[in-house]
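Following: one structure in structure tokens, then a few remarks.
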Amino acid sequence: MNADIVARNLKMMFSSEEGGMWDLLIGESIGGNAGHYGDGFESGSCAAANFYFDDESGDIKYFGNWQNVPENIRGHYPQGTLRCAMSGPLSGQIVEPLLNDRVIDGARSNLLSSVDVYNALYKMGVTNLKTRDDKTEEERGTRKTFFSRLRRGH
């Protein structure tokens with residue numbers, strides 16, 4: 001796992017800005033092609049978050065549906081899909097990453113690690129991430145950011 005790539009992917013996954021996962025999910029239909037997860041009380045509806053990524057590193061470049069993705073991205077990078085729970089007990093979490101079998105191991109590892117960390121953070125109530133670069137001098141203080149600890153493997 002490359003912590004820098006996972007950190008960049010997490011910013012994209014938590015982002016509600018253009019090209020971010022939540023920007024895409026806000027406009028997606030629930031159920032439909034993405035279906036449902038689980039059974040009975042442990043079930044819910046899903047939405048699909050299509051994304052484009054670097055096939056060697058797993059670095060996520062953009063979330064979006066093909067027709068809305070900039071041509072320089074959709075014509076250059078492979079696509080994956082994250083099935084995201086939009087209702088039920090796992091609401092907001094990623095229930096299934098869908099990756100092509102030809103994705104190389106390093107990229108697959110970084111993408112799956114990104115999903116695991118995203119879900120762990122979401123379960124803890126994290127819904128937005130700020131990196132050290134995003135914070136003001138006052139906010140920085142002497143605290144270590146989540147990303148600096150992740151890079152060091154803590």
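Ligands are numbered from 1 in the order shown, chains are lettered A, B, ... in the order of the structure tokens, and residues start at 1 in each chain.
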
*Just the helix (DSSP H, G or I) stuff from range 41-146 of chain A, please, per backbone DSSP, written as number ranges by chain.*
A: 41-42, 66-68, 71-74, 105-123, 132-134, 137-140, 146

Keeping only N, CA and C atoms, write those residues as a compact mmCIF listing (two decimals), in the first residue's frame.
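Writing done, so here's selection21.txt:
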# COMPACT_ATOMS: atom_id res chain seq x y z
N PHE A 41 -33.32 -7.12 7.42
CA PHE A 41 -32.98 -5.90 8.15
C PHE A 41 -31.56 -5.43 7.87
N GLU A 42 -30.74 -6.30 7.34
CA GLU A 42 -29.34 -5.97 7.04
C GLU A 42 -29.19 -5.61 5.57
N TRP A 66 -19.47 8.48 -17.63
CA TRP A 66 -18.68 8.65 -18.83
C TRP A 66 -18.95 9.97 -19.54
N GLN A 67 -20.22 10.30 -19.75
CA GLN A 67 -20.56 11.49 -20.53
C GLN A 67 -20.18 12.80 -19.83
N ASN A 68 -19.94 12.76 -18.52
CA ASN A 68 -19.61 13.96 -17.76
C ASN A 68 -18.13 14.06 -17.38
N GLU A 71 -12.67 14.58 -21.36
CA GLU A 71 -12.15 13.65 -22.37
C GLU A 71 -10.73 13.20 -22.09
N ASN A 72 -9.89 14.10 -21.57
CA ASN A 72 -8.51 13.72 -21.30
C ASN A 72 -8.40 12.67 -20.20
N ILE A 73 -9.44 12.51 -19.40
CA ILE A 73 -9.45 11.49 -18.36
C ILE A 73 -10.10 10.22 -18.86
N ARG A 74 -11.30 10.33 -19.43
CA ARG A 74 -12.00 9.11 -19.85
C ARG A 74 -11.31 8.41 -21.00
N ASP A 105 -1.50 -5.68 -9.46
CA ASP A 105 -1.56 -5.86 -8.00
C ASP A 105 -1.33 -4.58 -7.22
N GLY A 106 -0.34 -3.75 -7.60
CA GLY A 106 -0.06 -2.52 -6.86
C GLY A 106 -1.25 -1.56 -6.89
N ALA A 107 -1.84 -1.40 -8.06
CA ALA A 107 -3.01 -0.52 -8.18
C ALA A 107 -4.19 -1.10 -7.40
N ARG A 108 -4.41 -2.39 -7.52
CA ARG A 108 -5.51 -3.05 -6.81
C ARG A 108 -5.33 -2.88 -5.29
N SER A 109 -4.12 -3.08 -4.82
CA SER A 109 -3.85 -2.94 -3.39
C SER A 109 -4.16 -1.53 -2.90
N ASN A 110 -3.73 -0.52 -3.63
CA ASN A 110 -3.99 0.87 -3.23
C ASN A 110 -5.47 1.20 -3.28
N LEU A 111 -6.18 0.70 -4.28
CA LEU A 111 -7.62 0.97 -4.38
C LEU A 111 -8.39 0.26 -3.26
N LEU A 112 -8.08 -1.00 -3.01
CA LEU A 112 -8.78 -1.73 -1.96
C LEU A 112 -8.44 -1.18 -0.57
N SER A 113 -7.20 -0.77 -0.37
CA SER A 113 -6.83 -0.13 0.90
C SER A 113 -7.58 1.18 1.08
N SER A 114 -7.76 1.92 0.00
CA SER A 114 -8.52 3.17 0.06
C SER A 114 -9.95 2.92 0.48
N VAL A 115 -10.57 1.87 -0.06
CA VAL A 115 -11.94 1.50 0.31
C VAL A 115 -11.99 1.12 1.79
N ASP A 116 -11.05 0.31 2.23
CA ASP A 116 -11.04 -0.12 3.63
C ASP A 116 -10.90 1.06 4.59
N VAL A 117 -9.99 1.98 4.30
CA VAL A 117 -9.79 3.13 5.17
C VAL A 117 -11.01 4.05 5.11
N TYR A 118 -11.56 4.26 3.91
CA TYR A 118 -12.77 5.08 3.78
C TYR A 118 -13.88 4.53 4.68
N ASN A 119 -14.14 3.23 4.58
CA ASN A 119 -15.21 2.63 5.38
C ASN A 119 -14.93 2.76 6.88
N ALA A 120 -13.69 2.56 7.27
CA ALA A 120 -13.33 2.68 8.69
C ALA A 120 -13.56 4.11 9.18
N LEU A 121 -13.15 5.08 8.39
CA LEU A 121 -13.35 6.48 8.78
C LEU A 121 -14.83 6.84 8.81
N TYR A 122 -15.58 6.38 7.80
CA TYR A 122 -17.01 6.68 7.74
C TYR A 122 -17.74 6.11 8.96
N LYS A 123 -17.38 4.90 9.37
CA LYS A 123 -17.99 4.28 10.55
C LYS A 123 -17.72 5.10 11.81
N ARG A 132 -3.24 18.68 5.89
CA ARG A 132 -2.44 19.77 6.45
C ARG A 132 -2.44 20.98 5.53
N ASP A 133 -2.35 20.75 4.23
CA ASP A 133 -2.33 21.85 3.27
C ASP A 133 -3.65 22.61 3.22
N ASP A 134 -4.74 21.96 3.60
CA ASP A 134 -6.06 22.60 3.57
C ASP A 134 -6.32 23.46 4.80
N GLU A 137 -3.00 28.19 9.39
CA GLU A 137 -1.89 28.08 10.34
C GLU A 137 -2.39 27.81 11.75
N GLU A 138 -3.47 28.48 12.16
CA GLU A 138 -4.01 28.30 13.50
C GLU A 138 -4.52 26.88 13.71
N GLU A 139 -5.21 26.33 12.68
CA GLU A 139 -5.73 24.97 12.79
C GLU A 139 -4.60 23.94 12.86
N ARG A 140 -3.48 24.22 12.20
CA ARG A 140 -2.38 23.27 12.16
C ARG A 140 -1.77 23.07 13.53
N PHE A 146 -4.20 13.25 10.21
CA PHE A 146 -4.46 11.85 9.87
C PHE A 146 -3.52 11.40 8.77

*asked:* Set the distance at 8 Å and use only C-alpha atoms: which residues neighbour Met13 in chain A once local chain neighbours fewer than 3 positions away are removed? I'd like the list as a ChimeraX atom specification.
replied: /A:9-10,20-22,118

*asked:* as an MDAnalysis selection string, please: the residues near Arg8 in chain A (cut-off 10 Å, only C-alpha atoms, same-chain neighbours under 3 positions excluded).
replied: chainID A and resid 3:5 11:13 59:61 114 131 147

*Would you list, as a VMD selection string, the residues of chain A that end up in strand (DSSP E or B) under DSSP run on this structure's backbone?*
chain A and resid 36 to 37 44 to 53 60 to 63 79 to 85 94 to 98

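Taking CA of Ala48 in chain A and CA of Tyr62 in chain A as the two end points, the separation is 13.9 Å.
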
*asked:* Need to verify the contact set: range 86-99 of chain A, 6 Å, only C-alpha atoms, exclusion of same-chain residues closer than 6 positions in sequence. Can you return it as a count of residues only?
replied: 6

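Going from CA of Tyr77 in chain A over to CA of Ala47 in chain A, you cover 21.8 Å.
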
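CA of Glu56 in chain A lies 28.4 Å from CA of Glu28 in chain A.
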
Just want the 6 Å neighbourhood of Gly64 in chain A, counted on only C-alpha atoms, with same-chain residues fewer than 5 positions away dropped. Output as a PDB file with N, CA and C atoms, in the first residue's frame.
ATOM      1  N   LEU A  24     -20.746  13.081  -7.270  1.00  0.00           N
ATOM      2  CA  LEU A  24     -21.405  12.140  -8.177  1.00  0.00           C
ATOM      3  C   LEU A  24     -22.601  11.469  -7.511  1.00  0.00           C
ATOM      4  N   ASN A  50     -18.893   5.531 -10.438  1.00  0.00           N
ATOM      5  CA  ASN A  50     -17.888   5.190 -11.438  1.00  0.00           C
ATOM      6  C   ASN A  50     -16.694   6.116 -11.258  1.00  0.00           C
ATOM      7  N   PHE A  51     -15.504   5.564 -11.422  1.00  0.00           N
ATOM      8  CA  PHE A  51     -14.302   6.372 -11.270  1.00  0.00           C
ATOM      9  C   PHE A  51     -13.244   5.951 -12.274  1.00  0.00           C
ATOM     10  N   VAL A  69     -17.358  13.065 -17.756  1.00  0.00           N
ATOM     11  CA  VAL A  69     -15.937  13.036 -17.404  1.00  0.00           C
ATOM     12  C   VAL A  69     -15.141  13.743 -18.500  1.00  0.00           C
TER      13      VAL A  69
END

*A:Gly32, A:Ser57, A:Gly19, A:Phe14: which is nearest Asn2 in chain A, counting only C-alpha atoms?*
A:Ser57
